[in-house]
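Note: the block below is target.csv and it holds CSV, C-alpha atoms.
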chain,number,residue,atom,x,y,z
A,1,ALA,CA,0.6,-45.0,35.0
A,2,ARG,CA,3.8,-43.5,33.5
A,3,PRO,CA,3.6,-39.7,33.2
A,4,GLY,CA,3.2,-38.6,29.6
A,5,ARG,CA,5.7,-36.7,27.6
A,6,PRO,CA,5.3,-32.9,27.4
A,7,GLN,CA,3.1,-32.1,24.4
A,8,THR,CA,4.7,-30.2,21.6
A,9,PRO,CA,2.7,-27.1,20.6
A,10,THR,CA,1.0,-27.5,17.2
A,11,VAL,CA,0.1,-24.8,14.7
A,12,ALA,CA,-3.5,-25.0,15.9
A,13,MET,CA,-2.5,-24.5,19.5
A,14,LEU,CA,-0.3,-21.5,18.6
A,15,ALA,CA,-3.2,-20.0,16.6
A,16,VAL,CA,-5.5,-20.3,19.7
A,17,ALA,CA,-2.9,-18.7,21.9
A,18,VAL,CA,-2.4,-15.8,19.5
A,19,ALA,CA,-6.2,-15.3,19.3
A,20,VAL,CA,-6.5,-15.3,23.1
A,21,ALA,CA,-3.7,-12.8,23.5
A,22,GLU,CA,-5.2,-10.5,20.9
A,23,ALA,CA,-8.6,-10.6,22.5
A,24,TYR,CA,-7.0,-9.8,25.9
A,25,VAL,CA,-5.1,-6.8,24.4
A,26,LEU,CA,-8.3,-5.5,22.7
A,27,ALA,CA,-10.3,-5.9,25.9
A,28,THR,CA,-7.8,-3.8,27.9
A,29,ARG,CA,-8.3,-1.1,25.3
A,30,GLY,CA,-12.1,-1.3,25.5
A,31,LEU,CA,-12.4,-2.8,22.0
A,32,VAL,CA,-14.0,-5.9,20.7
A,33,ALA,CA,-12.1,-8.4,18.6
A,34,GLN,CA,-13.3,-8.5,15.0
A,35,PRO,CA,-13.9,-11.9,13.3
A,36,ARG,CA,-11.2,-12.7,10.8
A,37,ALA,CA,-11.1,-15.0,7.9
A,38,LEU,CA,-9.6,-18.4,8.6
A,39,HIS,CA,-6.2,-18.2,7.1
A,40,PRO,CA,-3.2,-20.3,8.0
A,41,ILE,CA,-0.6,-18.5,10.2
A,42,LEU,CA,2.2,-17.6,7.9
A,43,MET,CA,5.6,-16.4,9.2
A,44,GLY,CA,8.4,-14.6,7.4
A,45,THR,CA,11.8,-13.3,8.4
A,46,THR,CA,13.8,-10.2,7.6
A,47,ALA,CA,15.4,-12.1,4.7
A,48,ASP,CA,12.0,-11.9,3.0
A,49,PHE,CA,11.8,-8.1,3.3
A,50,LYS,CA,11.0,-6.2,0.1
A,51,THR,CA,9.5,-2.8,-0.6
A,52,GLY,CA,5.7,-3.0,-0.4
A,53,LEU,CA,5.5,-6.1,1.7
A,54,THR,CA,2.7,-6.2,4.2
A,55,ILE,CA,3.5,-7.5,7.7
A,56,GLU,CA,1.6,-7.9,10.9
A,57,PHE,CA,2.8,-7.1,14.4
A,58,ASP,CA,1.5,-5.1,17.5
A,59,ASN,CA,-2.0,-6.1,16.4
A,60,SER,CA,-1.9,-4.0,13.3
A,61,VAL,CA,-0.8,-4.1,9.7
A,62,TRP,CA,2.2,-2.4,8.2
A,63,LYS,CA,3.8,-1.9,4.8
A,64,VAL,CA,7.5,-2.0,4.3
A,65,VAL,CA,8.5,1.4,2.8
A,66,ASP,CA,12.2,1.0,3.0
A,67,PHE,CA,14.8,-1.3,4.5
A,68,LEU,CA,18.6,-1.8,4.8
A,69,HIS,CA,20.5,-4.9,5.8
A,70,VAL,CA,23.5,-3.9,8.0
A,71,LYS,CA,26.5,-6.2,8.8
A,72,PRO,CA,28.7,-4.3,11.3
A,73,GLY,CA,32.4,-5.2,11.7
A,74,LYS,CA,31.6,-6.3,15.3
A,75,GLY,CA,28.4,-7.5,16.7
A,76,SER,CA,25.3,-9.1,15.1
A,77,ALA,CA,23.8,-8.2,11.8
A,78,PHE,CA,20.5,-6.3,11.9
A,79,VAL,CA,18.0,-4.7,9.5
A,80,ARG,CA,16.8,-1.1,9.6
A,81,SER,CA,13.3,-0.6,8.3
A,82,LYS,CA,10.8,2.2,7.7
A,83,LEU,CA,7.2,1.0,8.0
A,84,LYS,CA,3.8,2.6,7.3
A,85,ASN,CA,0.8,1.7,9.3
A,86,LEU,CA,-2.0,0.9,6.8
A,87,GLU,CA,-4.7,1.6,9.4
A,88,THR,CA,-3.5,5.0,10.7
A,89,GLY,CA,-1.1,6.2,8.0
A,90,SER,CA,1.6,6.8,10.6
A,91,THR,CA,5.2,5.8,10.0
A,92,LEU,CA,7.6,3.9,12.2
A,93,GLU,CA,11.4,3.3,12.0
A,94,LYS,CA,12.1,-0.1,13.4
A,95,THR,CA,15.3,-2.1,13.8
A,96,TRP,CA,15.1,-5.9,13.6
A,97,ARG,CA,17.6,-8.6,14.4
A,98,ALA,CA,18.8,-10.4,11.2
A,99,GLY,CA,16.5,-13.3,10.7
A,100,GLU,CA,13.9,-12.1,13.1
A,101,ALA,CA,10.5,-13.5,12.4
A,102,PHE,CA,7.2,-11.6,11.8
A,103,GLY,CA,3.7,-12.5,10.8
A,104,ASP,CA,2.7,-12.1,7.2
A,105,ALA,CA,-0.4,-10.0,7.1
A,106,GLN,CA,-3.3,-12.0,5.7
A,107,VAL,CA,-4.5,-9.5,3.2
A,108,ASP,CA,-7.4,-10.1,0.9
A,109,LYS,CA,-7.5,-8.4,-2.6
A,110,GLU,CA,-10.7,-7.3,-4.2
A,111,GLU,CA,-11.1,-5.7,-7.7
A,112,MET,CA,-13.1,-2.5,-7.5
A,113,LYS,CA,-14.0,0.4,-9.8
A,114,TYR,CA,-13.6,4.1,-8.8
A,115,SER,CA,-17.0,5.7,-9.1
A,116,TYR,CA,-17.0,9.2,-7.6
A,117,LEU,CA,-15.8,11.6,-5.0
A,118,ASP,CA,-18.2,12.2,-2.1
A,119,GLY,CA,-16.9,15.0,0.1
A,120,GLU,CA,-13.6,13.7,1.5
A,121,ASP,CA,-14.3,10.1,0.5
A,122,MET,CA,-13.5,8.2,-2.7
A,123,VAL,CA,-16.2,5.8,-3.5
A,124,PHE,CA,-15.3,2.4,-5.1
A,125,MET,CA,-17.7,-0.3,-6.4
A,126,SER,CA,-17.1,-4.0,-6.2
A,127,MET,CA,-16.9,-5.6,-9.6
A,128,GLU,CA,-18.6,-8.8,-8.1
A,129,THR,CA,-21.2,-7.6,-5.6
A,130,PHE,CA,-21.7,-4.0,-6.8
A,131,GLU,CA,-21.5,-2.9,-3.2
A,132,GLU,CA,-19.8,0.4,-2.5
A,133,GLU,CA,-16.7,1.0,-0.4
A,134,ARG,CA,-15.8,4.5,0.9
A,135,ILE,CA,-12.2,5.3,1.6
A,136,PRO,CA,-11.0,8.7,2.8
A,137,ARG,CA,-9.0,10.3,0.0
A,138,SER,CA,-6.3,11.3,2.5
A,139,ASP,CA,-5.7,7.6,3.2
A,140,ILE,CA,-4.9,6.8,-0.4
A,141,GLU,CA,-1.2,7.2,-1.2
A,142,LYS,CA,-1.6,8.0,-4.9
A,143,ALA,CA,-5.2,9.3,-5.0
A,144,GLU,CA,-4.3,12.1,-7.5
A,145,PHE,CA,-3.5,9.4,-10.1
A,146,ILE,CA,-6.9,7.6,-9.9
A,147,LYS,CA,-9.0,8.2,-13.0
A,148,ASP,CA,-12.8,8.0,-13.2
A,149,GLU,CA,-14.0,4.4,-13.6
A,150,MET,CA,-10.5,3.1,-13.1
A,151,VAL,CA,-10.5,-0.5,-12.0
A,152,LEU,CA,-8.0,-1.1,-9.1
A,153,ASN,CA,-7.2,-3.7,-6.5
A,154,ILE,CA,-8.3,-2.8,-3.0
A,155,LEU,CA,-6.4,-4.6,-0.2
A,156,LYS,CA,-8.4,-5.5,2.9
A,157,TRP,CA,-7.2,-6.7,6.3
A,158,ARG,CA,-9.8,-8.1,8.7
A,159,GLY,CA,-12.5,-6.9,6.3
A,160,LYS,CA,-11.3,-3.2,6.4
A,161,ALA,CA,-9.9,-1.5,3.3
A,162,ILE,CA,-6.3,-0.6,4.0
A,163,ASP,CA,-4.6,0.2,0.7
A,164,VAL,CA,-5.5,1.0,-3.0
A,165,GLN,CA,-3.0,-0.4,-5.5
A,166,VAL,CA,-2.5,2.2,-8.2
A,167,PRO,CA,-0.4,0.8,-11.1
A,168,LYS,CA,3.1,2.1,-11.5
A,169,THR,CA,2.5,3.1,-15.1
A,170,VAL,CA,-0.7,4.9,-16.1
A,171,SER,CA,-1.7,6.7,-19.3
A,172,PHE,CA,-3.3,10.2,-18.8
A,173,LYS,CA,-4.6,12.9,-21.0
A,174,VAL,CA,-3.0,16.3,-20.6
A,175,ILE,CA,-5.6,19.0,-20.0
A,176,GLU,CA,-3.3,21.9,-19.5
A,177,ALA,CA,0.1,22.6,-21.0
A,178,ALA,CA,0.8,26.3,-21.5
A,179,PRO,CA,2.9,26.7,-24.6
A,180,GLY,CA,4.8,29.7,-23.2
A,181,ALA,CA,5.4,28.2,-19.8
A,182,LYS,CA,8.9,28.7,-18.3
A,183,GLY,CA,10.6,25.4,-18.1
A,184,ASN,CA,13.2,23.8,-15.8
A,185,SER,CA,16.3,22.0,-16.9
A,186,ALA,CA,16.3,18.3,-15.9
A,187,GLY,CA,18.7,15.7,-17.2
A,188,GLY,CA,19.9,18.0,-20.0
A,189,ARG,CA,16.3,18.8,-21.3
A,190,THR,CA,14.0,21.6,-20.5
A,191,GLU,CA,10.7,20.7,-18.9
A,192,LYS,CA,7.5,22.5,-18.0
A,193,PRO,CA,4.6,21.7,-15.6
A,194,VAL,CA,1.5,20.1,-17.2
A,195,THR,CA,-1.9,19.2,-15.6
A,196,LEU,CA,-3.3,15.7,-16.1
A,197,GLU,CA,-7.0,14.8,-16.4
A,198,THR,CA,-7.1,13.9,-12.6
A,199,GLY,CA,-5.8,17.3,-11.6
A,200,ALA,CA,-2.3,16.1,-10.8
A,201,GLN,CA,0.6,18.1,-12.0
A,202,ILE,CA,4.0,16.7,-13.2
A,203,MET,CA,6.9,18.0,-15.3
A,204,ALA,CA,7.0,17.1,-19.0
A,205,PRO,CA,9.1,18.0,-22.0
A,206,MET,CA,8.4,21.4,-23.7
A,207,PHE,CA,7.0,19.7,-26.8
A,208,ILE,CA,4.0,18.1,-24.9
A,209,VAL,CA,0.8,20.0,-25.7
A,210,GLU,CA,-2.8,20.0,-24.4
A,211,GLY,CA,-4.9,17.0,-25.5
A,212,GLU,CA,-2.0,14.5,-25.8
A,213,ASP,CA,-1.9,11.2,-24.0
A,214,ILE,CA,1.2,10.5,-22.0
A,215,LYS,CA,2.5,7.7,-19.8
A,216,VAL,CA,3.4,8.6,-16.2
A,217,ASP,CA,5.4,6.7,-13.5
A,218,THR,CA,3.0,7.2,-10.6
A,219,ASP,CA,5.7,6.1,-8.1
A,220,GLU,CA,8.2,8.7,-9.2
A,221,ARG,CA,5.7,11.3,-10.6
A,222,LYS,CA,7.7,11.3,-13.8
A,223,TYR,CA,6.9,11.6,-17.5
A,224,MET,CA,7.7,8.4,-19.3
A,225,GLY,CA,6.8,9.2,-22.9
A,226,ARG,CA,3.8,9.7,-25.3
A,227,ASP,CA,1.2,7.0,-25.3
A,228,THR,CA,0.9,6.3,-29.0
A,229,ALA,CA,-1.6,3.4,-28.4
A,230,ALA,CA,-4.2,5.7,-26.8

Translate this file's structure into structure tokens.
Amino acid sequence: ARPGRPQTPTVAMLAVAVAVAEAYVLATRGLVAQPRALHPILMGTTADFKTGLTIEFDNSVWKVVDFLHVKPGKGSAFVRSKLKNLETGSTLEKTWRAGEAFGDAQVDKEEMKYSYLDGEDMVFMSMETFEEERIPRSDIEKAEFIKDEMVLNILKWRGKAIDVQVPKTVSFKVIEAAPGAKGNSAGGRTEKPVTLETGAQIMAPMFIVEGEDIKVDTDERKYMGRDTAA
């Protein structure tokens, strides 16, 4: 019989190899591999980088916080990145080769309502099953901008909540704005500190008074204007 040709690895074969490797790494750490949803293995490259992208490597999940494509006069192009580990909260500065591949994190999204604060945990309720999910407040990047009964998207990786998506623009009621507060000059206008209904403090124009509804950029922590539709 003629010897057969070497078999080309398939996606299924690669998936099995990855699973075996992960199980081995976890076993050496004294951990047990958690079952994961059956997702196709998706790959991306540094050309796909964008702020907020979730990627998977080193058996963990990371969010791209910042990145910069660099093309030196000599040598190969590369990409500098700042990543946040969505399991531990730690940050990592990593340099990639231009075009280097990585695994897209297979993240599930679930709509949940913020219910209440229990000690150090924020408790969310699933809008479908009504089950509760407890997430440490310190693990939520923009926790101070989450209002009571606010409906948000919770990101889960391997069944574990890893991120809470707070909208970039949110309307808040001002609960404290001292009329005689000493303001700071910013961009040619004088601003003063105001306290929002969640307890968060931002700077707002001097004419903003207690009881008004204002729009806030939660990423930049900036006043955007009055919310006339509230």

- request: Name the closest residue to A:Pro167 among the candidates A:Thr129, A:Val216, A:Lys84, A:Leu117; distances are taken between atoms, counting only C-alpha atoms.
  value: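 Using only C-alpha atoms, the shortest distance to A:Pro167 belongs to A:Val216.
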
- request: May I have the protein, DNA and RNA residues with any atom at most 9 Å from the point (4.6, 5.9, -21.1), counting only C-alpha atoms, written as a ChimeraX atom specification?
  value: /A:169-171,213-217,223-228

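Counting from atom CA of A:Asp148, the distance to atom CA of A:Phe207 is 26.7 Å.
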
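Nearest-residue note for A:Gly211: choosing from A:Ala230, A:Ala77, A:Val194, A:Val174, the minimum distance belongs to A:Val174, counting only C-alpha atoms.
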
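When atom CA of A:Phe67 is paired with atom CA of A:Glu111, their separation reads 29.0 Å.
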
message: So the first atom is atom CA of A:Met125 and the second is atom CA of A:Thr218; what is the distance between them in Å, to one decimal place?
response: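 Computing it gives 22.4 Å between the two atoms.
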
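Counting all atoms listed in the file and comparing A:Lys147, A:Lys94, A:Arg80, A:His69, the residue that lies closest to A:Lys113 is A:Lys147.
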
query: Taking into account all atoms listed in the file, which residue in the set A:Asp108, A:Lys168, A:Asp121, A:Lys222 is nearest to A:Glu191?
result: A:Lys222

Which residues of stretch 146-191 of chain A sit at most 10 Å from stretch 61-65 of chain A, using all atoms listed in the file? Give each one's shortest atom pair and distance in Å (one decimal place), in chain and ascending residue order, as a Markdown table.
| residue | atom | partner | partner_atom | distance |
| --- | --- | --- | --- | --- |
| A:Trp157 | CA | A:Val61 | CA | 7.7 |
| A:Arg158 | CA | A:Val61 | CA | 9.9 |
| A:Ile162 | CA | A:Val61 | CA | 8.7 |
| A:Asp163 | CA | A:Lys63 | CA | 9.6 |

message: If we draw a sphere of 7 Å around (-0.6, -10.8, 9.1), which residues have at least one atom in it when counting all atoms listed in the file? Please report them as an MDAnalysis selection string.
response: chainID A and resid 55:56 61 103:106

field: 9 Å contact set for A:Ala177, all atoms listed in the file, chain neighbours under 2 positions out, as a ChimeraX atom specification
entry: /A:174-175,179-181,192-195,206,208-211

task: For A:Val164, work out the shell of residues within 9 Å, counting only C-alpha atoms and skipping chain neighbours fewer than 5 positions away, then give it as a list in words.
output: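 Non-adjacent residues within range: Ile140, Glu141, Lys142, Ala143, Leu152, Asn153, Ile154 and Leu155 of chain A.
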
Write out, as a Markdown table, each residue of stretch 119-171 of chain A that has an atom at most 8 Å from stretch 198-202 of chain A, together with the closest pair of atoms and their distance in Å to one decimal, counting all atoms listed in the file, rows going by chain and rising number.
| residue | atom | partner | partner_atom | distance |
| --- | --- | --- | --- | --- |
| A:Glu144 | CA | A:Ala200 | CA | 5.6 |
| A:Phe145 | CA | A:Thr198 | CA | 6.3 |
| A:Ile146 | CA | A:Thr198 | CA | 6.9 |
| A:Lys147 | CA | A:Thr198 | CA | 6.0 |
